[in-house]
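What follows is the content of work_22.txt, which has compact mmCIF, C-alpha atoms (C1' of nucleotides):
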# COMPACT_ATOMS: atom_id res chain seq x y z
CA MET M 17 -17.38 -45.67 73.27
CA ASP M 18 -19.25 -43.12 75.28
CA PRO M 19 -21.04 -45.13 77.97
CA ARG M 20 -23.93 -42.67 78.03
CA ARG M 21 -25.47 -44.03 74.87
CA THR M 22 -27.29 -47.34 74.76
CA PRO M 23 -27.96 -49.36 71.56
CA GLY M 24 -31.09 -47.49 70.56
CA GLN M 25 -29.85 -43.90 70.74
CA ARG M 26 -28.05 -42.00 67.98
CA ALA M 27 -25.10 -39.65 68.15
CA GLY M 28 -26.28 -37.28 65.41
CA LEU M 29 -23.25 -37.92 63.23
CA SER M 30 -22.88 -36.68 59.67
CA ARG M 31 -20.57 -37.63 56.87
CA GLU M 32 -18.95 -34.22 57.16
CA GLN M 33 -18.17 -34.75 60.81
CA VAL M 34 -16.63 -38.10 60.05
CA LEU M 35 -14.40 -36.55 57.39
CA ALA M 36 -13.42 -33.71 59.70
CA ALA M 37 -12.51 -36.14 62.47
CA ALA M 38 -10.46 -38.12 59.95
CA ARG M 39 -8.60 -34.96 58.98
CA ASP M 40 -7.86 -34.20 62.62
CA SER M 41 -6.67 -37.74 63.17
CA LEU M 42 -4.35 -37.43 60.20
CA LEU M 43 -3.00 -34.12 61.39
CA GLU M 44 -2.31 -35.22 64.93
CA ARG M 45 -1.32 -38.86 64.52
CA GLY M 46 -0.14 -39.12 60.93
CA LEU M 47 -1.13 -41.65 58.32
CA SER M 48 -0.53 -44.63 60.54
CA GLY M 49 -2.75 -43.01 63.15
CA LEU M 50 -5.62 -42.65 60.71
CA THR M 51 -7.70 -45.65 61.71
CA MET M 52 -11.43 -46.16 61.75
CA ARG M 53 -11.19 -46.82 65.44
CA ALA M 54 -9.30 -43.60 66.14
CA VAL M 55 -11.78 -41.55 64.11
CA ALA M 56 -14.66 -43.20 65.96
CA GLN M 57 -13.06 -42.55 69.32
CA ARG M 58 -12.59 -38.90 68.42
CA LEU M 59 -16.30 -38.69 67.69
CA GLY M 60 -17.25 -40.59 70.80
CA VAL M 61 -18.93 -43.45 68.94
CA ALA M 62 -18.31 -47.14 68.47
CA PRO M 63 -15.97 -48.00 65.57
CA ASN M 64 -18.66 -49.60 63.46
CA ALA M 65 -20.88 -46.52 63.76
CA LEU M 66 -18.80 -44.93 60.98
CA TYR M 67 -20.15 -47.43 58.48
CA SER M 68 -23.50 -45.68 58.57
CA HIS M 69 -21.84 -42.67 56.93
CA VAL M 70 -18.96 -44.06 54.89
CA PRO M 71 -18.85 -47.29 52.87
CA ASP M 72 -15.36 -48.21 54.08
CA LYS M 73 -11.97 -46.75 54.87
CA ALA M 74 -10.89 -46.60 51.23
CA ALA M 75 -13.83 -44.37 50.37
CA LEU M 76 -13.11 -42.15 53.36
CA VAL M 77 -9.51 -41.66 52.26
CA GLU M 78 -10.60 -40.99 48.71
CA ASP M 79 -12.86 -38.19 49.91
CA LEU M 80 -10.03 -36.80 52.00
CA LEU M 81 -7.78 -36.71 48.94
CA ASP M 82 -10.23 -34.92 46.72
CA ASP M 83 -11.35 -32.50 49.40
CA ALA M 84 -7.76 -31.36 49.94
CA LEU M 85 -7.56 -30.41 46.26
CA GLY M 86 -10.51 -28.10 46.79
CA ALA M 87 -8.08 -25.56 48.22
CA VAL M 88 -6.50 -25.03 44.80
CA PRO M 89 -8.15 -22.02 43.13
CA ASP M 90 -9.06 -21.91 39.46
CA PRO M 91 -6.61 -20.01 37.27
CA PRO M 92 -7.65 -16.48 36.24
CA ALA M 93 -9.31 -16.56 32.82
CA ASP M 94 -7.19 -13.78 31.35
CA ALA M 95 -3.74 -15.05 32.30
CA ASP M 96 -1.07 -15.93 29.77
CA TRP M 97 -1.31 -19.69 29.35
CA ARG M 98 2.28 -20.35 30.35
CA THR M 99 2.32 -18.26 33.48
CA GLY M 100 -1.18 -19.56 34.21
CA LEU M 101 0.08 -23.14 34.15
CA ARG M 102 3.11 -22.25 36.18
CA ASP M 103 0.91 -20.61 38.77
CA LEU M 104 -1.68 -23.36 38.86
CA MET M 105 0.88 -26.11 39.35
CA ALA M 106 2.73 -24.09 41.98
CA ARG M 107 -0.49 -23.60 43.91
CA THR M 108 -1.30 -27.28 43.63
CA HIS M 109 2.18 -28.05 44.86
CA ALA M 110 1.70 -25.77 47.85
CA VAL M 111 -1.66 -27.31 48.70
CA LEU M 112 -0.16 -30.78 48.55
CA LEU M 113 2.52 -29.77 51.02
CA ASP M 114 -0.20 -28.63 53.40
CA SER M 115 -1.28 -32.25 53.80
CA PRO M 116 2.06 -34.05 53.77
CA ASP M 117 0.63 -37.35 54.92
CA LEU M 118 -1.78 -37.54 52.01
CA VAL M 119 0.78 -36.89 49.30
CA PRO M 120 2.04 -40.46 48.83
CA LEU M 121 -1.55 -41.61 48.45
CA TYR M 122 -2.23 -39.41 45.43
CA LEU M 123 0.18 -41.44 43.35
CA GLY M 124 -0.80 -44.70 44.94
CA ARG M 125 -4.47 -44.63 44.12
CA GLY M 126 -4.92 -41.42 42.14
CA ALA M 127 -7.49 -38.72 42.64
CA ARG M 128 -10.58 -39.06 40.52
CA GLY M 129 -13.01 -36.88 42.45
CA PRO M 130 -14.68 -33.67 41.28
CA ASN M 131 -11.84 -31.41 42.40
CA ALA M 132 -9.27 -33.52 40.58
CA ARG M 133 -11.37 -33.33 37.43
CA ARG M 134 -11.81 -29.59 37.83
CA LEU M 135 -8.04 -29.13 38.06
CA GLY M 136 -7.47 -31.36 35.07
CA ALA M 137 -9.96 -29.34 33.04
CA GLY M 138 -8.23 -26.14 34.10
CA VAL M 139 -4.88 -27.41 32.88
CA LEU M 140 -6.33 -28.55 29.56
CA ASP M 141 -7.97 -25.18 29.13
CA LEU M 142 -4.69 -23.35 29.62
CA LEU M 143 -2.91 -25.73 27.27
CA ALA M 144 -5.56 -25.17 24.62
CA ARG M 145 -4.96 -21.43 24.90
CA GLY M 146 -1.34 -22.17 24.06
CA GLY M 147 -2.33 -24.18 21.01
CA VAL M 148 -1.66 -27.52 22.65
CA THR M 149 -4.64 -29.80 22.05
CA GLY M 150 -5.62 -33.40 21.43
CA PRO M 151 -3.29 -36.25 22.43
CA GLU M 152 -0.39 -33.90 23.04
CA ALA M 153 -2.46 -32.00 25.57
CA GLN M 154 -3.23 -35.26 27.36
CA GLU M 155 0.45 -36.07 27.46
CA ALA M 156 1.31 -32.64 28.76
CA LEU M 157 -1.38 -32.89 31.43
CA ARG M 158 -0.03 -36.19 32.59
CA ALA M 159 3.55 -34.91 32.69
CA LEU M 160 2.52 -31.88 34.73
CA ILE M 161 0.51 -33.96 37.20
CA VAL M 162 3.24 -36.51 37.57
CA TYR M 163 5.89 -33.89 38.09
CA THR M 164 3.88 -31.89 40.60
CA ILE M 165 2.66 -34.74 42.76
CA GLY M 166 5.90 -36.67 42.38
CA PHE M 167 7.93 -33.70 43.47
CA ALA M 168 5.73 -33.12 46.49
CA ALA M 169 6.03 -36.78 47.41
CA PHE M 170 9.78 -36.50 47.18
CA GLU M 171 9.75 -33.39 49.30
CA VAL M 172 7.60 -34.89 52.00
CA GLN M 173 9.83 -37.89 52.57
CA PRO M 174 11.62 -38.21 55.88
CA GLY M 175 15.05 -38.01 54.30
CA PRO M 176 18.44 -38.42 55.95
CA GLU M 177 18.86 -36.33 59.07
CA ASP M 178 21.59 -33.98 57.91
CA ALA M 179 20.01 -30.54 57.63
CA ASP M 180 17.03 -29.11 59.46
CA PRO M 181 13.74 -29.63 57.61
CA GLY M 182 13.03 -25.94 57.07
CA GLU M 183 16.20 -25.24 55.14
CA ARG M 184 15.84 -28.44 53.19
CA SER M 185 12.28 -27.63 52.15
CA ALA M 186 13.25 -24.13 51.08
CA GLY M 187 15.93 -25.44 48.75
CA LEU M 188 13.52 -27.94 47.28
CA SER M 189 10.82 -25.40 46.55
CA GLY M 190 13.19 -23.54 44.27
CA THR M 191 13.93 -26.77 42.49
CA PHE M 192 10.28 -27.43 41.90
CA ASP M 193 9.84 -24.21 40.03
CA ARG M 194 12.89 -24.71 37.92
CA GLY M 195 11.99 -28.22 36.79
CA LEU M 196 8.49 -27.01 36.09
CA GLY M 197 10.01 -24.35 33.88
CA TRP M 198 11.93 -26.99 31.94
CA LEU M 199 8.76 -28.95 31.43
CA LEU M 200 6.74 -25.94 30.29
CA ALA M 201 9.47 -24.87 27.90
CA GLY M 202 9.39 -28.33 26.36
CA ILE M 203 5.62 -28.42 26.12
CA GLY M 204 5.61 -25.09 24.37
CA GLY M 205 7.63 -26.73 21.58
CA MET B 16 3.99 -73.48 61.47
CA ASP B 17 5.35 -76.80 60.40
CA PRO B 18 4.47 -79.16 63.24
CA ARG B 19 7.62 -81.19 62.66
CA ARG B 20 9.87 -78.68 64.34
CA THR B 21 9.92 -78.27 68.11
CA PRO B 22 11.26 -75.18 69.97
CA GLY B 23 14.89 -76.21 69.87
CA GLN B 24 15.33 -76.99 66.18
CA ARG B 25 16.16 -74.54 63.42
CA ALA B 26 14.83 -74.24 59.89
CA GLY B 27 18.09 -73.10 58.28
CA LEU B 28 16.65 -69.83 57.08
CA SER B 29 18.71 -67.04 55.56
CA ARG B 30 18.03 -63.40 54.96
CA GLU B 31 18.06 -64.08 51.23
CA GLN B 32 15.37 -66.72 51.57
CA VAL B 33 13.23 -64.35 53.57
CA LEU B 34 13.56 -61.68 50.90
CA ALA B 35 12.79 -64.17 48.15
CA ALA B 36 9.70 -65.37 49.96
CA ALA B 37 8.63 -61.75 50.39
CA ARG B 38 9.02 -61.18 46.65
CA ASP B 39 6.90 -64.23 45.92
CA SER B 40 4.27 -63.06 48.36
CA LEU B 41 4.19 -59.69 46.66
CA LEU B 42 3.90 -61.23 43.23
CA GLU B 43 1.11 -63.61 44.09
CA ARG B 44 -0.91 -61.68 46.65
CA GLY B 45 -0.05 -58.05 45.99
CA LEU B 46 1.00 -55.40 48.45
CA SER B 47 -1.82 -56.10 50.87
CA GLY B 48 -0.82 -59.75 50.83
CA LEU B 49 2.75 -58.96 51.81
CA THR B 50 2.57 -59.68 55.53
CA MET B 51 5.13 -61.08 57.88
CA ARG B 52 2.80 -63.93 58.62
CA ALA B 53 2.33 -64.78 54.95
CA VAL B 54 6.08 -64.73 54.33
CA ALA B 55 6.62 -66.95 57.35
CA GLN B 56 3.96 -69.38 56.24
CA ARG B 57 5.56 -69.60 52.81
CA LEU B 58 8.81 -70.56 54.49
CA GLY B 59 7.16 -72.99 56.86
CA VAL B 60 8.20 -71.15 60.00
CA ALA B 61 6.47 -69.31 62.80
CA PRO B 62 5.84 -65.59 62.10
CA ASN B 63 8.29 -64.39 64.70
CA ALA B 64 11.07 -66.53 63.23
CA LEU B 65 11.59 -63.84 60.59
CA TYR B 66 12.87 -61.45 63.22
CA SER B 67 16.07 -63.43 63.48
CA HIS B 68 16.90 -62.33 59.91
CA VAL B 69 15.19 -58.98 59.46
CA PRO B 70 14.83 -56.15 62.01
CA ASP B 71 11.21 -55.47 61.08
CA LYS B 72 8.84 -55.24 58.15
CA ALA B 73 9.96 -51.74 57.17
CA ALA B 74 13.53 -52.93 56.73
CA LEU B 75 12.35 -55.88 54.69
CA VAL B 76 10.41 -53.65 52.33
CA GLU B 77 13.34 -51.27 52.05
CA ASP B 78 15.55 -54.12 50.91
CA LEU B 79 12.91 -55.20 48.43
CA LEU B 80 12.83 -51.70 46.96
CA ASP B 81 16.55 -51.37 46.52
CA ASP B 82 17.00 -54.90 45.22
CA ALA B 83 14.50 -54.27 42.46
CA LEU B 84 16.61 -51.35 41.25
CA GLY B 85 19.51 -53.76 40.84
CA ALA B 86 17.98 -54.80 37.52
CA VAL B 87 18.76 -51.40 36.01
CA PRO B 88 22.09 -51.63 34.15
CA ASP B 89 24.71 -48.90 34.25
CA PRO B 90 24.78 -46.64 31.20
CA PRO B 91 27.55 -47.33 28.64
CA ALA B 92 30.52 -45.07 29.30
CA ASP B 93 30.81 -43.85 25.72
CA ALA B 94 27.22 -42.81 25.12
CA ASP B 95 26.15 -39.30 24.30
CA TRP B 96 25.00 -37.82 27.60
CA ARG B 97 21.52 -36.97 26.40
CA THR B 98 20.73 -40.31 24.84
CA GLY B 99 22.45 -41.94 27.80
CA LEU B 100 20.08 -40.22 30.20
CA ARG B 101 17.12 -41.00 28.02
CA ASP B 102 18.11 -44.63 27.96
CA LEU B 103 18.88 -44.89 31.66
CA MET B 104 15.58 -43.37 32.72
CA ALA B 105 13.66 -45.50 30.24
CA ARG B 106 15.29 -48.63 31.62
CA THR B 107 14.54 -47.54 35.16
CA HIS B 108 10.96 -46.91 34.12
CA ALA B 109 10.71 -50.40 32.64
CA VAL B 110 12.19 -51.99 35.76
CA LEU B 111 9.71 -50.14 37.93
CA LEU B 112 6.84 -51.48 35.87
CA ASP B 113 8.13 -55.00 36.49
CA SER B 114 7.24 -54.60 40.17
CA PRO B 115 4.01 -52.64 39.99
CA ASP B 116 3.16 -53.15 43.63
CA LEU B 117 6.39 -51.58 44.80
CA VAL B 118 6.13 -48.42 42.72
CA PRO B 119 3.96 -46.36 45.10
CA LEU B 120 6.40 -47.13 47.88
CA TYR B 121 9.37 -45.55 46.12
CA LEU B 122 7.78 -42.14 46.48
CA GLY B 123 6.39 -42.84 49.89
CA ARG B 124 9.61 -43.68 51.65
CA GLY B 125 12.26 -43.19 48.98
CA ALA B 126 15.04 -45.54 48.04
CA ARG B 127 18.32 -44.90 49.77
CA GLY B 128 20.05 -48.24 49.30
CA PRO B 129 23.21 -48.98 47.32
CA ASN B 130 21.41 -49.48 44.02
CA ALA B 131 19.55 -46.20 44.37
CA ARG B 132 22.84 -44.44 45.04
CA ARG B 133 24.49 -46.15 42.10
CA LEU B 134 21.72 -44.95 39.78
CA GLY B 135 21.94 -41.45 41.16
CA ALA B 136 25.67 -41.39 40.58
CA GLY B 137 25.12 -42.62 37.03
CA VAL B 138 22.72 -39.79 36.30
CA LEU B 139 25.06 -37.19 37.78
CA ASP B 140 27.91 -38.59 35.70
CA LEU B 141 25.92 -38.25 32.48
CA LEU B 142 24.82 -34.76 33.43
CA ALA B 143 28.42 -33.76 34.10
CA ARG B 144 29.34 -34.95 30.64
CA GLY B 145 26.75 -32.51 29.33
CA GLY B 146 28.26 -29.68 31.33
CA VAL B 147 25.53 -29.71 33.97
CA THR B 148 27.15 -29.70 37.40
CA GLY B 149 26.73 -28.38 40.93
CA PRO B 150 23.32 -27.38 42.24
CA GLU B 151 21.76 -27.47 38.79
CA ALA B 152 22.80 -31.09 38.43
CA GLN B 153 21.12 -31.87 41.74
CA GLU B 154 17.96 -30.19 40.54
CA ALA B 155 18.05 -32.06 37.26
CA LEU B 156 18.61 -35.36 39.06
CA ARG B 157 15.64 -34.73 41.28
CA ALA B 158 13.42 -33.75 38.36
CA LEU B 159 14.38 -36.90 36.45
CA ILE B 160 13.77 -39.16 39.44
CA VAL B 161 10.46 -37.53 40.25
CA TYR B 162 9.29 -37.73 36.68
CA THR B 163 10.32 -41.34 36.20
CA ILE B 164 8.95 -42.77 39.42
CA GLY B 165 5.93 -40.50 39.38
CA PHE B 166 5.06 -41.55 35.87
CA ALA B 167 5.39 -45.21 36.73
CA ALA B 168 3.19 -44.70 39.77
CA PHE B 169 0.61 -43.06 37.59
CA GLU B 170 0.80 -45.89 35.10
CA VAL B 171 0.41 -48.58 37.69
CA GLN B 172 -2.79 -47.20 39.14
CA PRO B 173 -5.97 -49.20 38.74
CA GLY B 174 -7.66 -46.52 36.65
CA PRO B 175 -11.22 -46.42 35.36
CA GLU B 176 -12.27 -49.57 33.55
CA ASP B 177 -12.81 -48.17 30.08
CA ALA B 178 -10.09 -49.66 27.90
CA ASP B 179 -8.22 -52.91 28.33
CA PRO B 180 -5.00 -52.54 30.34
CA GLY B 181 -2.68 -53.55 27.49
CA GLU B 182 -3.76 -50.79 25.14
CA ARG B 183 -3.78 -48.27 27.96
CA SER B 184 -0.24 -49.14 29.02
CA ALA B 185 1.03 -48.92 25.45
CA GLY B 186 -0.29 -45.41 25.06
CA LEU B 187 1.23 -44.36 28.33
CA SER B 188 4.69 -45.68 27.50
CA GLY B 189 4.86 -43.36 24.53
CA THR B 190 3.88 -40.49 26.76
CA PHE B 191 6.65 -41.27 29.19
CA ASP B 192 9.26 -40.90 26.52
CA ARG B 193 7.85 -37.66 25.22
CA GLY B 194 7.68 -35.95 28.60
CA LEU B 195 11.17 -37.19 29.32
CA GLY B 196 12.27 -35.54 26.12
CA TRP B 197 10.73 -32.23 27.22
CA LEU B 198 12.56 -32.47 30.48
CA LEU B 199 15.91 -33.29 28.88
CA ALA B 200 15.53 -30.48 26.39
CA GLY B 201 14.96 -28.07 29.26
CA ILE B 202 17.89 -29.41 31.25
CA GLY B 203 20.16 -28.98 28.26
CA GLY B 204 19.46 -25.25 28.43
C1' DA E 1 -31.75 -45.03 59.51
C1' DC E 2 -28.43 -44.88 63.02
C1' DC E 3 -26.19 -46.70 66.73
C1' DT E 4 -24.17 -50.38 70.35
C1' DG E 5 -22.11 -54.85 71.71
C1' DA E 6 -19.83 -58.60 70.42
C1' DA E 7 -17.34 -61.03 67.48
C1' DC E 8 -14.39 -62.55 63.33
C1' DA E 9 -10.36 -62.78 60.92
C1' DC E 10 -6.66 -60.70 60.69
C1' DC E 11 -2.12 -57.64 61.65
C1' DG E 12 3.24 -56.58 63.57
C1' DT E 13 5.92 -57.44 67.34
C1' DT E 14 7.67 -59.04 72.00
C1' DC E 15 8.83 -62.25 75.54
C1' DA E 16 10.09 -66.54 77.60
C1' DA E 17 11.84 -70.86 76.82
C1' DG E 18 14.06 -74.68 74.29
C1' DT E 19 18.42 -76.50 71.80
C1' DA N 28 22.02 -67.83 67.28
C1' DC N 29 17.78 -69.53 65.67
C1' DC N 30 13.44 -71.16 66.36
C1' DT N 31 8.56 -72.24 68.72
C1' DG N 32 4.49 -71.12 71.59
C1' DA N 33 1.89 -67.90 73.50
C1' DA N 34 0.54 -63.57 74.08
C1' DC N 35 -0.16 -58.34 73.53
C1' DA N 36 -2.04 -54.55 71.46
C1' DC N 37 -3.85 -53.51 67.74
C1' DC N 38 -6.51 -53.47 62.85
C1' DG N 39 -11.10 -53.24 59.33
C1' DT N 40 -15.41 -55.07 58.96
C1' DT N 41 -19.80 -57.81 59.78
C1' DC N 42 -23.79 -59.31 62.19
C1' DA N 43 -27.56 -59.16 65.35
C1' DA N 44 -30.22 -56.37 68.11
C1' DG N 45 -32.15 -52.04 70.02
C1' DT N 46 -34.89 -47.56 69.10
Show this structure as structure tokens.
Amino acid sequence: MDPRRTPGQRAGLSREQVLAAARDSLLERGLSGLTMRAVAQRLGVAPNALYSHVPDKAALVEDLLDDALGAVPDPPADADWRTGLRDLMARTHAVLLDSPDLVPLYLGRGARGPNARRLGAGVLDLLARGGVTGPEAQEALRALIVYTIGFAAFEVQPGPEDADPGERSAGLSGTFDRGLGWLLAGIGG
Amino acid sequence: MDPRRTPGQRAGLSREQVLAAARDSLLERGLSGLTMRAVAQRLGVAPNALYSHVPDKAALVEDLLDDALGAVPDPPADADWRTGLRDLMARTHAVLLDSPDLVPLYLGRGARGPNARRLGAGVLDLLARGGVTGPEAQEALRALIVYTIGFAAFEVQPGPEDADPGERSAGLSGTFDRGLGWLLAGIGG
DNA sequence: ACCTGAACACCGTTCAAGT
DNA sequence: ACCTGAACACCGTTCAAGT
């Protein structure tokens, strides 16, 4: 793209820079604006230059998804298991809302990266502290994930243009916590 | 596409035929194979011919989403509200699994068509029978929707290739019902 | 190994013209 | 009103070539 570089010269790109440019693209142009060509343009390179650092677009998006989950902290080791779960899922929910455009993708392709596994392990650990183990713990984990991501996806939708988005989001956040409470009460037995 | 028709002649297309062709495309080629051009080719018309029957691709997909929900029956009027809800959500869940490729889209853009509204009204009616009304009913409705669609989305994901898909799906169906039970128990109070 | 240039095989959508 | 032909402005990805 930049006419100053001829075929032999390199731009000094790194995988991290590619991911960062992808995040910026997503933030400024939304999901439909996240294209290989846009990311390349932002970096001042030819579109196909990205393929030296990322296998393809799917892999790039997958990294974006897992990286976003890195912002969710581990639960404190001494917390009550129930409040620990409530807190962990609420924080996950908040992090998801920070990247609204990514949310629908979590349920579409799932997150299987290291951060997703770390979070899953954290949930299972808290459940075990509450005496929930084995298959029931797996079921509870799935229900909590589904509810948290699903709710965020619901929240992030355009929605009918009746109320202003701020007020609407505020009402929904309260709902998230309440439904989560229902779920946790049920899991407890 | 068909060389037998020249610019003046018409193919006798209807909106219904376009939607049906889109469903076939989705079934045979998956979501990535659902393109305006593929639908047109299936109907033997030029790609832009579709725009006489559908505003754009987004509208077409929206109709596909709501139409699929038409397969969910209304709950019987005399059922106990709790088992009625359990049944209605389970049927919705089953219908969602019948169109796996559409599932991620329900959370991405939401369903706001007549069938989606009918289902929502059905849920609210059952909740009212259980004494759950007002804002709490809205919260319960949202939790049930989120859980049902979210779970289906989770189920439909490719997943790691460890077990065969049949066995995996069977285990997950049981989990759906259990988490739903937790939720309903919580909603009951 | 990393990058450019050019190309391939696609997309959704629009516009003008024909009946 | 409904359709075709042609085009526009895009996509992701591959391939050959340059250093």
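With all atoms listed in the file as the atoms that count, the minimum distance from chain M to the choices B:Arg132, B:Arg38, B:Arg124, B:Arg106 is reached by B:Arg124.
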Identify every residue of chain M that has at least one atom within 7 Å of any atom of chain E, counting all atoms listed in the file, and report the result as a ChimeraX atom specification.
-> /M:22-26,62,65,68
Any chance you could export the current selection's C-alpha atoms as a short mmCIF file (atom, residue, chain, number, x, y, z; two decimals), keeping the file's coordinate frame?
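Output below, filename result-v6.cif:
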data_model
loop_
_atom_site.label_atom_id
_atom_site.label_comp_id
_atom_site.auth_asym_id
_atom_site.auth_seq_id
_atom_site.Cartn_x
_atom_site.Cartn_y
_atom_site.Cartn_z
CA THR M 22 -27.29 -47.34 74.76
CA PRO M 23 -27.96 -49.36 71.56
CA GLY M 24 -31.09 -47.49 70.56
CA GLN M 25 -29.85 -43.90 70.74
CA ARG M 26 -28.05 -42.00 67.98
CA ALA M 62 -18.31 -47.14 68.47
CA ALA M 65 -20.88 -46.52 63.76
CA SER M 68 -23.50 -45.68 58.57
#
Chain B contacts on chain M, all atoms listed in the file, 12 Å, as an MDAnalysis selection string = chainID M and resid 47 116:128 151:176 187:205
Edge lengths and centre, in Å to one decimal, as lines of an AutoDock Vina configuration file: that's what I need for the box along x, y and z that holds all listed atoms of range 63-82 of chain B plus 4 Å on each side.
center_x = 12.6
center_y = -58.9
center_z = 55.0
size_x = 16.7
size_y = 23.3
size_z = 27.5
Quick one, how far is CA of Asp72 in chain M from CA of Gly60 in chain M?
->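 About the pair CA of Asp72 in chain M and CA of Gly60 in chain M: they are 18.5 Å apart.
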Could you check how far CA of Ala55 in chain B sits from CA of Arg53 in chain M, in Å to one decimal?
->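 Result for CA of Ala55 in chain B versus CA of Arg53 in chain M: 28.1 Å, one decimal.
Atom pair CA of Val111 in chain M / CA of Ala132 in chain M has a distance of 12.7 Å (rounded to one decimal).
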12 Å contact set for Glu32 in chain M, all atoms listed in the file, chain neighbours under 4 positions out, as a list in words = Gly28, Ala36, Ala37, Ala38, Arg39, Leu59, Leu66, His69, Val70, Leu76, Asp79, Leu80 and Asp83 of chain M
Could you complete range 73-87 of chain B so that it carries N, CA and C atoms, and give it back as an mmCIF file, keeping the file's coordinate frame?
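Once everything was written out, this is part_28.cif:
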data_model
loop_
_atom_site.group_PDB
_atom_site.id
_atom_site.type_symbol
_atom_site.label_atom_id
_atom_site.label_comp_id
_atom_site.auth_asym_id
_atom_site.auth_seq_id
_atom_site.Cartn_x
_atom_site.Cartn_y
_atom_site.Cartn_z
ATOM 1 N N ALA B 73 9.508 -52.919 57.910
ATOM 2 C CA ALA B 73 9.960 -51.740 57.170
ATOM 3 C C ALA B 73 11.317 -51.996 56.520
ATOM 4 N N ALA B 74 12.202 -52.632 57.260
ATOM 5 C CA ALA B 74 13.530 -52.930 56.730
ATOM 6 C C ALA B 74 13.436 -53.942 55.589
ATOM 7 N N LEU B 75 12.556 -54.888 55.746
ATOM 8 C CA LEU B 75 12.350 -55.880 54.690
ATOM 9 C C LEU B 75 11.899 -55.213 53.398
ATOM 10 N N VAL B 76 10.920 -54.346 53.511
ATOM 11 C CA VAL B 76 10.410 -53.650 52.330
ATOM 12 C C VAL B 76 11.489 -52.771 51.713
ATOM 13 N N GLU B 77 12.268 -52.120 52.550
ATOM 14 C CA GLU B 77 13.340 -51.270 52.050
ATOM 15 C C GLU B 77 14.333 -52.079 51.207
ATOM 16 N N ASP B 78 14.657 -53.265 51.678
ATOM 17 C CA ASP B 78 15.550 -54.120 50.910
ATOM 18 C C ASP B 78 14.916 -54.542 49.591
ATOM 19 N N LEU B 79 13.635 -54.827 49.645
ATOM 20 C CA LEU B 79 12.910 -55.200 48.430
ATOM 21 C C LEU B 79 12.996 -54.076 47.399
ATOM 22 N N LEU B 80 12.813 -52.856 47.861
ATOM 23 C CA LEU B 80 12.830 -51.700 46.960
ATOM 24 C C LEU B 80 14.188 -51.540 46.299
ATOM 25 N N ASP B 81 15.233 -51.593 47.100
ATOM 26 C CA ASP B 81 16.550 -51.370 46.520
ATOM 27 C C ASP B 81 16.973 -52.547 45.621
ATOM 28 N N ASP B 82 16.637 -53.740 46.032
ATOM 29 C CA ASP B 82 17.000 -54.900 45.220
ATOM 30 C C ASP B 82 16.390 -54.831 43.827
ATOM 31 N N ALA B 83 15.158 -54.353 43.762
ATOM 32 C CA ALA B 83 14.500 -54.270 42.460
ATOM 33 C C ALA B 83 15.271 -53.350 41.522
ATOM 34 N N LEU B 84 15.851 -52.298 42.074
ATOM 35 C CA LEU B 84 16.610 -51.350 41.250
ATOM 36 C C LEU B 84 17.909 -51.966 40.728
ATOM 37 N N GLY B 85 18.303 -53.079 41.305
ATOM 38 C CA GLY B 85 19.510 -53.760 40.840
ATOM 39 C C GLY B 85 19.402 -54.234 39.405
ATOM 40 N N ALA B 86 18.184 -54.332 38.892
ATOM 41 C CA ALA B 86 17.980 -54.800 37.520
ATOM 42 C C ALA B 86 18.247 -53.713 36.491
ATOM 43 N N VAL B 87 18.449 -52.484 36.950
ATOM 44 C CA VAL B 87 18.760 -51.400 36.010
ATOM 45 C C VAL B 87 20.255 -51.402 35.738
#
